[in-house]
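File shown: run09.txt. Contents: compact mmCIF, C-alpha atoms.
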```
# COMPACT_ATOMS: atom_id res chain seq x y z
CA MET L 240 0.00 0.00 0.00
CA THR L 241 2.77 2.43 0.90
CA SER L 242 5.13 1.32 -1.88
CA ASN L 243 3.23 3.23 -4.49
CA PRO L 244 2.18 6.67 -3.33
CA THR L 245 -0.21 7.18 -6.23
CA THR L 246 -2.22 4.06 -5.49
CA SER L 247 -2.22 4.91 -1.83
CA ASN L 248 -3.56 8.37 -2.53
CA GLN L 249 -6.18 7.02 -4.82
CA ALA L 250 -7.24 4.48 -2.24
CA THR L 251 -7.47 7.15 0.43
CA SER L 252 -9.44 9.57 -1.69
CA SER L 253 -11.70 6.75 -2.80
CA GLN L 254 -12.25 5.79 0.82
CA THR L 255 -13.03 9.37 1.70
CA SER L 256 -15.57 9.63 -1.04
CA ALA L 257 -16.98 6.25 0.01
CA ASN L 258 -17.45 7.59 3.52
CA GLN L 259 -18.97 10.78 2.20
CA MET L 260 -21.34 8.73 0.13
CA ILE L 261 -22.45 6.76 3.17
CA GLU L 262 -22.77 9.88 5.28
CA SER L 263 -24.86 11.70 2.73
CA TYR L 264 -27.03 8.62 2.24
CA PHE L 265 -27.87 8.42 5.93
CA ALA L 266 -28.22 12.16 6.26
CA ALA L 267 -30.81 11.96 3.50
CA LEU L 268 -32.51 8.99 5.15
CA SER L 269 -32.65 10.73 8.50
CA HIS L 270 -34.07 13.82 6.84
CA GLN L 271 -36.68 11.77 5.03
CA LEU L 272 -37.72 10.10 8.26
CA ALA L 273 -38.41 13.45 9.89
CA ASP L 274 -41.93 12.47 10.89
CA LEU L 275 -40.78 9.55 13.02
CA PRO L 276 -39.85 10.28 16.63
CA GLN L 277 -36.17 11.15 17.08
CA ALA L 278 -35.31 7.96 18.99
CA LYS L 279 -36.96 5.78 16.40
CA ARG L 280 -35.24 7.61 13.58
CA ASP L 281 -31.83 7.22 15.19
CA GLU L 282 -32.42 3.54 15.66
CA VAL L 283 -33.45 3.06 12.03
CA VAL L 284 -30.33 4.88 10.82
CA ARG L 285 -28.17 2.87 13.21
CA GLU L 286 -29.65 -0.40 12.01
CA LEU L 287 -29.31 0.38 8.32
CA ARG L 288 -25.83 1.72 8.81
CA ALA L 289 -24.84 -1.56 10.46
CA HIS L 290 -26.22 -3.31 7.39
CA VAL L 291 -24.16 -1.16 5.03
CA LEU L 292 -21.00 -1.58 7.11
CA ASP L 293 -21.51 -5.35 7.19
CA ARG L 294 -21.99 -5.41 3.45
CA LEU L 295 -18.80 -3.41 2.96
CA ALA L 296 -16.75 -5.49 5.37
CA GLN L 297 -14.00 -7.12 3.32
CA PRO L 298 -10.22 -7.57 3.47
CA THR L 299 -9.51 -4.52 1.31
CA PRO L 300 -10.88 -1.08 2.12
CA PRO L 301 -14.10 -0.52 0.21
CA THR L 302 -13.89 1.62 -2.89
CA SER L 303 -16.49 4.14 -3.85
CA ASP L 304 -17.74 1.64 -6.43
CA ASP L 305 -18.32 -0.98 -3.72
CA CYS L 306 -20.08 1.65 -1.75
CA ARG L 307 -22.25 2.75 -4.62
CA ALA L 308 -23.26 -0.85 -5.28
CA VAL L 309 -24.14 -1.51 -1.65
CA LEU L 310 -26.20 1.66 -1.35
CA LYS L 311 -27.91 0.96 -4.63
CA ALA L 312 -28.88 -2.48 -3.39
CA MET L 313 -30.37 -0.85 -0.29
CA GLY L 314 -32.76 1.29 -2.28
CA THR L 315 -33.03 5.06 -2.20
CA PRO L 316 -33.50 6.86 1.15
CA GLU L 317 -36.81 8.18 -0.19
CA GLU L 318 -38.05 4.70 -0.90
CA ILE L 319 -36.98 3.29 2.47
CA ALA L 320 -38.41 6.26 4.34
CA ARG L 321 -41.66 5.89 2.48
CA GLN L 322 -41.83 2.23 3.43
CA TYR L 323 -41.27 3.14 7.06
CA ARG L 324 -44.00 5.72 6.90
CA VAL L 325 -46.38 3.25 5.35
CA GLU L 326 -45.54 0.48 7.81
CA LEU L 327 -45.18 2.48 11.00
CA LEU L 328 -46.59 5.94 11.00
CA LEU L 329 -49.97 5.26 9.49
CA LYS L 330 -50.34 2.36 11.84
CA ARG L 331 -49.27 4.47 14.77
CA SER L 332 -51.85 7.14 14.14
CA ALA L 333 -54.31 4.46 13.17
CA TRP L 334 -54.13 3.14 16.70
CA LYS L 335 -53.69 6.16 18.87
CA ILE L 336 -56.77 7.95 20.07
CA ALA L 337 -54.80 11.15 19.78
CA PRO L 338 -56.33 13.67 17.41
CA TRP L 339 -53.11 15.64 17.01
CA SER L 340 -51.13 12.62 15.90
CA VAL L 341 -53.89 11.69 13.46
CA LEU L 342 -53.97 15.25 12.18
CA ARG L 343 -50.21 15.41 11.84
CA THR L 344 -50.18 12.32 9.68
CA LEU L 345 -53.15 13.49 7.70
CA SER L 346 -51.71 16.90 7.03
CA ARG L 347 -48.76 15.19 5.35
CA TRP L 348 -51.12 12.81 3.72
CA THR L 349 -53.29 15.47 2.14
CA LEU L 350 -50.40 16.20 -0.15
CA THR L 351 -50.62 12.71 -1.54
CA GLY L 352 -54.11 12.49 -2.92
CA ILE L 353 -57.78 13.19 -2.99
CA GLN L 354 -58.66 10.54 -0.40
CA GLY L 355 -56.29 12.23 2.03
CA TYR L 356 -58.03 15.53 1.42
CA ILE L 357 -61.48 14.07 2.07
CA VAL L 358 -60.31 12.51 5.31
CA PHE L 359 -58.71 15.78 6.30
CA VAL L 360 -61.99 17.64 5.80
CA ILE L 361 -63.88 15.05 7.85
CA ALA L 362 -61.26 15.37 10.56
CA MET L 363 -61.47 19.16 10.63
CA ILE L 364 -65.25 19.14 10.93
CA GLY L 365 -65.37 16.39 13.54
CA TYR L 366 -62.63 17.78 15.72
CA THR L 367 -63.90 21.34 15.42
CA MET L 368 -67.28 20.18 16.70
CA GLY L 369 -65.62 18.29 19.53
CA ILE L 370 -63.45 21.21 20.52
CA ALA L 371 -66.37 23.65 20.31
CA LEU L 372 -68.37 21.47 22.71
CA TYR L 373 -65.47 21.31 25.15
CA ILE L 374 -65.07 25.07 25.04
CA THR L 375 -68.77 25.71 25.68
CA ALA L 376 -68.64 23.28 28.62
CA LEU L 377 -65.65 25.14 30.00
CA PHE L 378 -67.32 28.56 29.78
CA LYS L 379 -70.80 27.51 30.86
CA PRO L 380 -70.13 28.29 34.55
CA LEU L 381 -68.90 31.79 33.58
CA PHE L 382 -71.73 32.61 31.19
CA PRO L 383 -74.65 30.50 32.39
CA HIS L 384 -77.18 32.57 30.46
CA ASN L 385 -75.33 32.63 27.15
CA ILE L 386 -74.28 29.00 26.93
CA GLY L 387 -76.54 25.98 27.09
CA MET L 388 -78.83 23.96 24.89
CA PHE L 389 -81.36 26.50 23.64
CA VAL L 390 -84.15 24.82 21.75
CA SER L 391 -86.35 27.06 19.64
CA ASP L 392 -88.81 26.31 16.84
CA HIS L 393 -86.17 26.34 14.16
CA ALA L 394 -82.94 25.22 15.69
CA ILE L 395 -80.81 24.16 18.58
CA ASN L 396 -78.25 26.75 19.64
CA LEU L 397 -75.42 26.26 22.05
CA ALA L 398 -74.11 29.76 22.59
CA ARG L 399 -74.49 33.37 21.57
CA PHE L 400 -73.04 36.68 22.73
CA PRO L 401 -73.90 39.18 24.01
CA ASP L 402 -77.60 38.22 23.95
CA PRO L 403 -78.54 34.65 24.81
CA PRO L 404 -79.72 32.50 21.87
CA PRO L 405 -83.46 32.27 21.15
CA GLY L 406 -85.49 29.45 22.66
CA THR L 407 -85.56 27.77 26.02
CA GLU L 408 -82.51 26.48 27.78
CA MET L 409 -83.13 22.78 28.39
CA LEU L 410 -80.23 21.46 30.42
CA GLY L 411 -79.15 24.03 33.02
CA ALA L 412 -76.15 22.86 35.04
CA TYR L 413 -76.33 19.46 33.37
CA TYR L 414 -75.03 21.14 30.25
CA VAL L 415 -71.42 20.82 31.39
CA PRO L 416 -71.18 17.01 31.74
CA ILE L 417 -73.38 16.47 28.70
CA ALA L 418 -71.32 18.81 26.51
CA VAL L 419 -68.12 17.16 27.68
CA ALA L 420 -69.54 13.75 26.88
CA ALA L 421 -70.79 14.91 23.48
CA GLY L 422 -67.45 16.55 22.73
CA TYR L 423 -65.66 13.37 23.62
CA LEU L 424 -68.05 11.38 21.47
CA PHE L 425 -67.40 13.63 18.47
CA THR L 426 -63.66 13.31 18.89
CA LEU L 427 -63.88 9.57 19.34
CA VAL L 428 -66.19 8.93 16.41
CA THR L 429 -64.07 11.14 14.17
CA THR L 430 -60.88 9.39 15.21
CA VAL L 431 -62.33 5.93 14.85
CA SER L 432 -63.77 6.60 11.43
CA ILE L 433 -60.55 8.19 10.24
CA ARG L 434 -58.71 5.22 11.63
CA GLY L 435 -60.85 2.96 9.48
CA ILE L 436 -60.28 5.01 6.36
CA VAL L 437 -56.58 5.42 7.01
CA ARG L 438 -56.21 1.68 7.43
CA LYS L 439 -58.07 1.03 4.24
CA PHE L 440 -56.02 3.50 2.25
CA GLY L 441 -52.94 2.51 4.18
CA ARG L 442 -53.28 -0.96 2.73
CA LEU L 443 -53.84 0.56 -0.66
CA LYS L 444 -50.69 2.60 -0.28
CA GLN L 445 -48.73 -0.45 0.76
CA LYS L 446 -49.83 -2.12 -2.42
CA ILE L 447 -48.77 0.86 -4.44
CA SER L 448 -45.45 1.06 -2.68
CA GLY L 449 -44.90 -2.62 -3.42
CA ILE L 450 -45.29 -1.79 -7.06
CA ALA L 451 -43.02 1.19 -6.73
CA VAL L 452 -40.33 -1.09 -5.28
CA SER L 453 -40.55 -3.32 -8.27
CA ALA L 454 -40.36 -0.30 -10.56
CA TYR L 455 -37.23 0.73 -8.75
CA MET Q 298 -43.74 10.32 -5.47
CA ALA Q 299 -42.34 10.16 -8.95
CA LEU Q 300 -42.40 6.40 -8.66
CA LEU Q 301 -46.00 6.50 -7.56
CA ARG Q 302 -47.02 8.49 -10.57
CA LYS Q 303 -45.21 6.18 -12.93
CA GLU Q 304 -47.01 3.22 -11.47
CA PRO Q 305 -50.04 2.98 -13.78
CA LYS Q 306 -47.74 2.61 -16.76
CA SER Q 307 -46.08 -0.54 -15.44
CA GLU Q 308 -47.08 -3.88 -16.90
CA PRO Q 309 -49.99 -5.68 -15.22
CA THR Q 310 -47.90 -8.81 -14.68
CA GLU Q 311 -45.22 -6.75 -12.96
CA LYS Q 312 -47.83 -5.30 -10.66
CA TRP Q 313 -49.10 -8.71 -9.84
CA GLU Q 314 -45.59 -10.01 -9.20
CA ALA Q 315 -44.82 -7.09 -6.92
CA GLN Q 316 -47.96 -7.66 -4.89
CA LEU Q 317 -47.32 -11.35 -4.64
CA ARG Q 318 -43.75 -10.75 -3.62
CA LYS Q 319 -44.78 -8.27 -0.98
CA GLY Q 320 -47.37 -10.58 0.46
CA CYS Q 321 -44.94 -13.46 0.65
CA LEU Q 322 -42.08 -11.43 2.04
CA GLU Q 323 -43.66 -11.16 5.44
CA LEU Q 324 -44.11 -14.91 5.71
CA ALA Q 325 -40.60 -15.51 4.40
CA ILE Q 326 -39.10 -13.18 6.99
CA LEU Q 327 -41.00 -14.83 9.83
CA ALA Q 328 -40.00 -18.26 8.53
CA CYS Q 329 -36.31 -17.26 8.44
CA LEU Q 330 -36.51 -16.62 12.17
CA TRP Q 331 -38.05 -19.98 13.01
CA GLU Q 332 -34.75 -21.63 13.96
CA LYS Q 333 -32.86 -18.85 15.67
CA ARG Q 334 -32.47 -15.16 16.22
CA LEU Q 335 -30.94 -13.24 13.33
CA TYR Q 336 -30.03 -9.69 12.42
CA GLY Q 337 -31.28 -7.93 9.31
CA LEU Q 338 -28.50 -8.92 6.94
CA GLU Q 339 -28.69 -12.57 8.00
CA ILE Q 340 -32.41 -12.54 7.32
CA LEU Q 341 -31.70 -11.06 3.90
CA ARG Q 342 -29.13 -13.74 3.18
CA GLY Q 343 -31.71 -16.33 4.16
CA LEU Q 344 -34.17 -14.76 1.75
CA GLU Q 345 -31.61 -14.43 -1.01
CA ALA Q 346 -30.72 -18.09 -0.83
CA ASP Q 347 -33.36 -18.96 -3.36
CA SER Q 348 -35.38 -16.02 -4.18
CA ASN Q 349 -36.29 -12.91 -5.98
CA LEU Q 350 -38.35 -11.92 -2.96
CA VAL Q 351 -36.34 -8.82 -2.18
CA LEU Q 352 -35.68 -6.11 -4.70
CA ALA Q 353 -34.38 -3.34 -2.49
CA GLU Q 354 -32.61 -4.60 0.62
CA GLY Q 355 -33.57 -1.61 2.70
CA THR Q 356 -37.24 -2.44 2.44
CA VAL Q 357 -36.86 -5.47 4.69
CA TYR Q 358 -36.25 -3.19 7.66
CA PRO Q 359 -39.56 -1.33 7.63
CA ILE Q 360 -41.33 -4.69 7.52
CA LEU Q 361 -39.27 -5.93 10.46
CA ALA Q 362 -40.19 -2.76 12.33
CA ARG Q 363 -43.87 -3.32 11.71
CA LEU Q 364 -43.74 -6.99 12.65
CA LYS Q 365 -42.17 -5.89 15.88
CA GLU Q 366 -44.84 -3.28 16.40
CA ASP Q 367 -47.42 -6.01 15.80
CA GLY Q 368 -45.84 -8.02 18.61
CA LEU Q 369 -44.75 -10.88 16.35
CA LEU Q 370 -41.08 -10.11 16.75
CA GLN Q 371 -38.86 -8.90 19.53
CA SER Q 372 -35.45 -7.30 19.03
CA GLU Q 373 -32.26 -6.50 20.86
CA TRP Q 374 -29.00 -4.75 20.06
CA VAL Q 375 -26.02 -7.06 20.44
CA GLU Q 376 -22.37 -5.99 20.39
CA ALA Q 377 -20.40 -7.72 17.65
CA ASP Q 378 -16.77 -8.16 16.65
CA ALA Q 379 -17.47 -6.07 13.58
CA GLY Q 380 -17.10 -2.95 15.70
CA HIS Q 381 -20.74 -1.96 15.53
CA PRO Q 382 -23.70 -3.58 17.29
CA ARG Q 383 -26.34 -5.43 15.33
CA LYS Q 384 -30.04 -5.57 15.93
CA TYR Q 385 -31.17 -9.16 16.39
CA TYR Q 386 -34.76 -10.24 15.93
CA TRP Q 387 -36.56 -13.30 17.20
CA LEU Q 388 -40.11 -14.63 17.14
CA THR Q 389 -42.38 -14.02 20.09
CA ALA Q 390 -44.93 -16.65 21.13
CA PRO Q 391 -47.71 -14.97 19.10
CA GLY Q 392 -45.19 -14.68 16.26
CA ARG Q 393 -44.57 -18.43 16.29
CA GLN Q 394 -48.31 -19.11 16.24
CA LYS Q 395 -48.72 -16.68 13.39
CA VAL Q 396 -46.00 -18.31 11.23
CA VAL Q 397 -47.53 -21.72 11.80
CA SER Q 398 -50.97 -20.59 10.72
CA MET Q 399 -49.57 -18.62 7.78
CA ALA Q 400 -47.51 -21.63 6.69
CA GLN Q 401 -50.52 -23.91 6.91
CA PHE Q 402 -52.60 -21.51 4.90
CA TRP Q 403 -49.87 -21.17 2.32
CA ASN Q 404 -49.56 -24.92 1.99
CA GLY Q 405 -53.22 -25.45 1.19
CA PHE Q 406 -53.31 -22.39 -1.00
CA ALA Q 407 -50.25 -23.35 -3.01
CA ALA Q 408 -51.39 -26.96 -3.40
CA ASN Q 409 -54.72 -25.84 -4.84
CA LEU Q 410 -53.16 -23.35 -7.18
CA ASN Q 411 -50.47 -25.77 -8.31
CA SER Q 412 -53.00 -28.38 -9.28
CA LEU Q 413 -54.91 -25.70 -11.19
CA LEU Q 414 -51.74 -24.65 -12.96
CA LYS Q 415 -50.61 -28.13 -13.91
CA PRO Q 416 -52.43 -28.22 -17.26
CA VAL Q 417 -51.28 -24.69 -18.06
CA LEU Q 418 -47.66 -25.52 -17.42
CA ASN Q 419 -47.81 -28.87 -19.20
CA GLY Q 420 -49.16 -27.16 -22.26
CA LYS Q 421 -51.79 -29.87 -22.75
CA GLY Q 422 -55.45 -29.39 -23.55
CA ARG Q 423 -56.08 -26.51 -25.91
CA SER Q 424 -53.78 -26.48 -28.86
```

Could you render the structure as C-alpha cells?
Amino acid sequence: MTSNPTTSNQATSSQTSANQMIESYFAALSHQLADLPQAKRDEVVRELRAHVLDRLAQPTPPTSDDCRAVLKAMGTPEEIARQYRVELLLKRSAWKIAPWSVLRTLSRWTLTGIQGYIVFVIAMIGYTMGIALYITALFKPLFPHNIGMFVSDHAINLARFPDPPPGTEMLGAYYVPIAVAAGYLFTLVTTVSIRGIVRKFGRLKQKISGIAVSAY
Amino acid sequence: MALLRKEPKSEPTEKWEAQLRKGCLELAILACLWEKRLYGLEILRGLEADSNLVLAEGTVYPILARLKEDGLLQSEWVEADAGHPRKYYWLTAPGRQKVVSMAQFWNGFAANLNSLLKPVLNGKGRS
C-alpha cells in the first residue's frame, strides 16, 4: 500500500468519497424520516448503517464503487423512508386515540391524494365540533345565560353573545357534563372513522409502494 | 412520489408479481426466524438463498419494524466483533403461532393453485 504513493492516494481519496457517500445517504434517510420520533429515527439509521458496514466489510478497504453498489442495493433513502412511513406511522396514528397525531399524519397525507383531502376535511369538521363542545362546557359556569342547549322552533343553539340565543334552555347545570360527553363522542367517532379510512387506504398505499419497489 | 405516478404505466404482470412478492415477504421473513435469532443482513441472506423476494434490501427493515410493532417479533442490540452492534430479531410466542398458521394456509393455497396450474404448465389441452 505504501510502496506506491499514487495508489495509496487514490485508495485514500476513494475511501473518503466512500465515507462521504455513506454519510450523505444516511443524512438523507434521517431527513426523510423526519416524521418519526427522534429515537426511532436514530435507531433506524443505526440499524441500516450496520447493514451497510456489514456489506462493505471485506479484506480490502471498500472503494467508492463498492459503496455505490451496496447503497444501490439498499434502495433510495426516499423509498426506504416511504416504506417506514407506510408500515409504522400510518399504523401508529391508526391506533392512537390522539387527534393531534392523526392530524399530523393526515396533514402530510393530504399532499398525496384526494382521499387524504377528504379525510382531512372530515377530521377538521369532527374535531372542530368536539373542541367547540369542550369550550362551551368550559365557559358555561362563567356565562350560564349565554351558553346551554337552547331549543327554539327552528334550531338548537349552544351559545351566543352578548344576547342569549333564542329558545328555552333545556339542560341548566347538566349542560357541562353532557357537553363534555358529546365533545368526547365527536372526537372519538371522528378518530375511529378516520382510523378505518386510514387503514383502508394505508393498505392501498402499501400495495402501491410494493409496485413502486418493483419499478425501482 | 415520482415512482407512484409512474405506477399505472407498469405492466400488469409486474404489478401482480410485486404484490405477490410483498405478500410473501412477510411470511418468508418470519419463517427465516423460526430456527434462531438473526439480524437484518442474515435474514436477507436467508431470503436471497433462493429467491427474488427482495428487490431493495432496505425495504426489509420497515417490515421488520412493523412486525415488531405487531408483537410478532422482539429485538435487541447485540455488540459484535465487527465494531458496531447489530439488531437481532426473534419470534415471540404470538409470532410463532402466526408463522404456523400462515404456513398452513400457504400450503393449502399453493397446493390448490399448483393443481390448477398443472395443465397450463404442461401445455396440454387446448392447442

Enumerate as a compact mmCIF listing (two decimals) with C-alpha atoms, in the frame of the given file the residues belonging to chain Q that approach chain L to within 7 Å, with all atoms listed in the file taken into account.
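Saved to part_3.txt:
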```
# COMPACT_ATOMS: atom_id res chain seq x y z
CA LEU Q 300 -42.40 6.40 -8.66
CA LEU Q 301 -46.00 6.50 -7.56
CA GLU Q 304 -47.01 3.22 -11.47
CA LYS Q 312 -47.83 -5.30 -10.66
CA ALA Q 315 -44.82 -7.09 -6.92
CA GLN Q 316 -47.96 -7.66 -4.89
CA LYS Q 319 -44.78 -8.27 -0.98
CA LEU Q 338 -28.50 -8.92 6.94
CA LEU Q 352 -35.68 -6.11 -4.70
CA ALA Q 353 -34.38 -3.34 -2.49
CA GLU Q 354 -32.61 -4.60 0.62
CA GLY Q 355 -33.57 -1.61 2.70
CA THR Q 356 -37.24 -2.44 2.44
CA PRO Q 359 -39.56 -1.33 7.63
CA ILE Q 360 -41.33 -4.69 7.52
CA ARG Q 363 -43.87 -3.32 11.71
CA HIS Q 381 -20.74 -1.96 15.53
CA ARG Q 383 -26.34 -5.43 15.33
CA LYS Q 384 -30.04 -5.57 15.93
```

**Asked** Which polymer residues have any atom within 12 Å of an atom of range 372-386 of chain L, counting all atoms listed in the file, with same-chain residues fewer than 3 positions away left out, as JSON, numbers by chain?
**Response** {"L": [365, 366, 367, 368, 369, 389, 390, 395, 396, 397, 398, 399, 400, 401, 402, 403, 404, 405, 406, 407, 408, 409, 410, 411, 412, 413, 414, 415, 416, 417, 418, 419, 420, 421, 422, 423, 424, 425, 426]}

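Across the structure, CA of Pro298 in chain L and CA of Arg342 in chain Q are spaced 19.9 Å apart.
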
**Request:** Would you mind reading off the distance between CA of Leu335 in chain Q and CA of Tyr385 in chain Q, one decimal, in Å?
**Result:** 5.1 Å

**Request:** Considering all atoms listed in the file, return as a ChimeraX atom specification whatever protein or nucleic-acid residues lie within 12 Å of Cys321 in chain Q, sequence-local ones (same chain, fewer than 5 positions apart) excluded.
**Result:** /L:449 /Q:314-316,326-328,344,348-351,360,396,399-400,402-403,407

**Complete:** re CA of Ala257 in chain L and CA of Ala379 in chain Q: distance 18.3 Å

Centre and edges of the range 375-389 of chain Q box, axis-aligned, 3 Å extra per side, as lines of an AutoDock Vina configuration file:
```
center_x = -29.6
center_y = -8.3
center_z = 17.0
size_x = 31.6
size_y = 18.7
size_z = 12.9
```

Reconstruct N, CA and C atoms of range 390-408 of chain L from the incomplete input and present them as a short mmCIF file (atom, residue, chain, number, x, y, z; two decimals), in the frame of the given file.
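Dumped to out.cif:
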```cif
data_model
loop_
_atom_site.label_atom_id
_atom_site.label_comp_id
_atom_site.auth_asym_id
_atom_site.auth_seq_id
_atom_site.Cartn_x
_atom_site.Cartn_y
_atom_site.Cartn_z
N VAL L 390 -83.32 25.41 22.80
CA VAL L 390 -84.15 24.82 21.75
C VAL L 390 -85.26 25.80 21.38
N SER L 391 -85.26 26.21 20.13
CA SER L 391 -86.35 27.06 19.64
C SER L 391 -87.09 26.30 18.54
N ASP L 392 -88.02 26.97 17.88
CA ASP L 392 -88.81 26.31 16.84
C ASP L 392 -87.94 25.82 15.70
N HIS L 393 -86.92 26.62 15.39
CA HIS L 393 -86.17 26.34 14.16
C HIS L 393 -84.90 25.55 14.41
N ALA L 394 -84.32 25.73 15.57
CA ALA L 394 -82.94 25.22 15.69
C ALA L 394 -82.56 24.94 17.14
N ILE L 395 -81.43 24.30 17.27
CA ILE L 395 -80.81 24.16 18.58
C ILE L 395 -79.55 25.00 18.58
N ASN L 396 -79.44 25.93 19.53
CA ASN L 396 -78.25 26.75 19.64
C ASN L 396 -77.52 26.44 20.93
N LEU L 397 -76.21 26.56 20.86
CA LEU L 397 -75.42 26.26 22.05
C LEU L 397 -74.92 27.52 22.74
N ALA L 398 -74.66 28.56 21.96
CA ALA L 398 -74.11 29.76 22.59
C ALA L 398 -74.31 30.96 21.70
N ARG L 399 -74.48 32.13 22.33
CA ARG L 399 -74.49 33.37 21.57
C ARG L 399 -74.15 34.52 22.50
N PHE L 400 -73.42 35.50 21.97
CA PHE L 400 -73.04 36.68 22.73
C PHE L 400 -73.40 37.92 21.94
N PRO L 401 -73.69 39.02 22.56
CA PRO L 401 -73.90 39.18 24.01
C PRO L 401 -75.29 38.71 24.47
N ASP L 402 -76.27 38.68 23.54
CA ASP L 402 -77.60 38.22 23.95
C ASP L 402 -77.63 36.70 23.95
N PRO L 403 -78.39 36.10 24.85
CA PRO L 403 -78.54 34.65 24.81
C PRO L 403 -79.26 34.22 23.53
N PRO L 404 -79.05 32.98 23.08
CA PRO L 404 -79.72 32.50 21.87
C PRO L 404 -81.22 32.42 22.10
N PRO L 405 -82.01 32.41 21.01
CA PRO L 405 -83.46 32.27 21.15
C PRO L 405 -83.81 30.88 21.66
N GLY L 406 -85.02 30.75 22.21
CA GLY L 406 -85.49 29.45 22.66
C GLY L 406 -85.29 29.25 24.15
N THR L 407 -85.64 28.09 24.61
CA THR L 407 -85.56 27.77 26.02
C THR L 407 -84.33 26.92 26.29
N GLU L 408 -83.66 27.27 27.40
CA GLU L 408 -82.51 26.48 27.78
C GLU L 408 -83.01 25.20 28.44
#
```
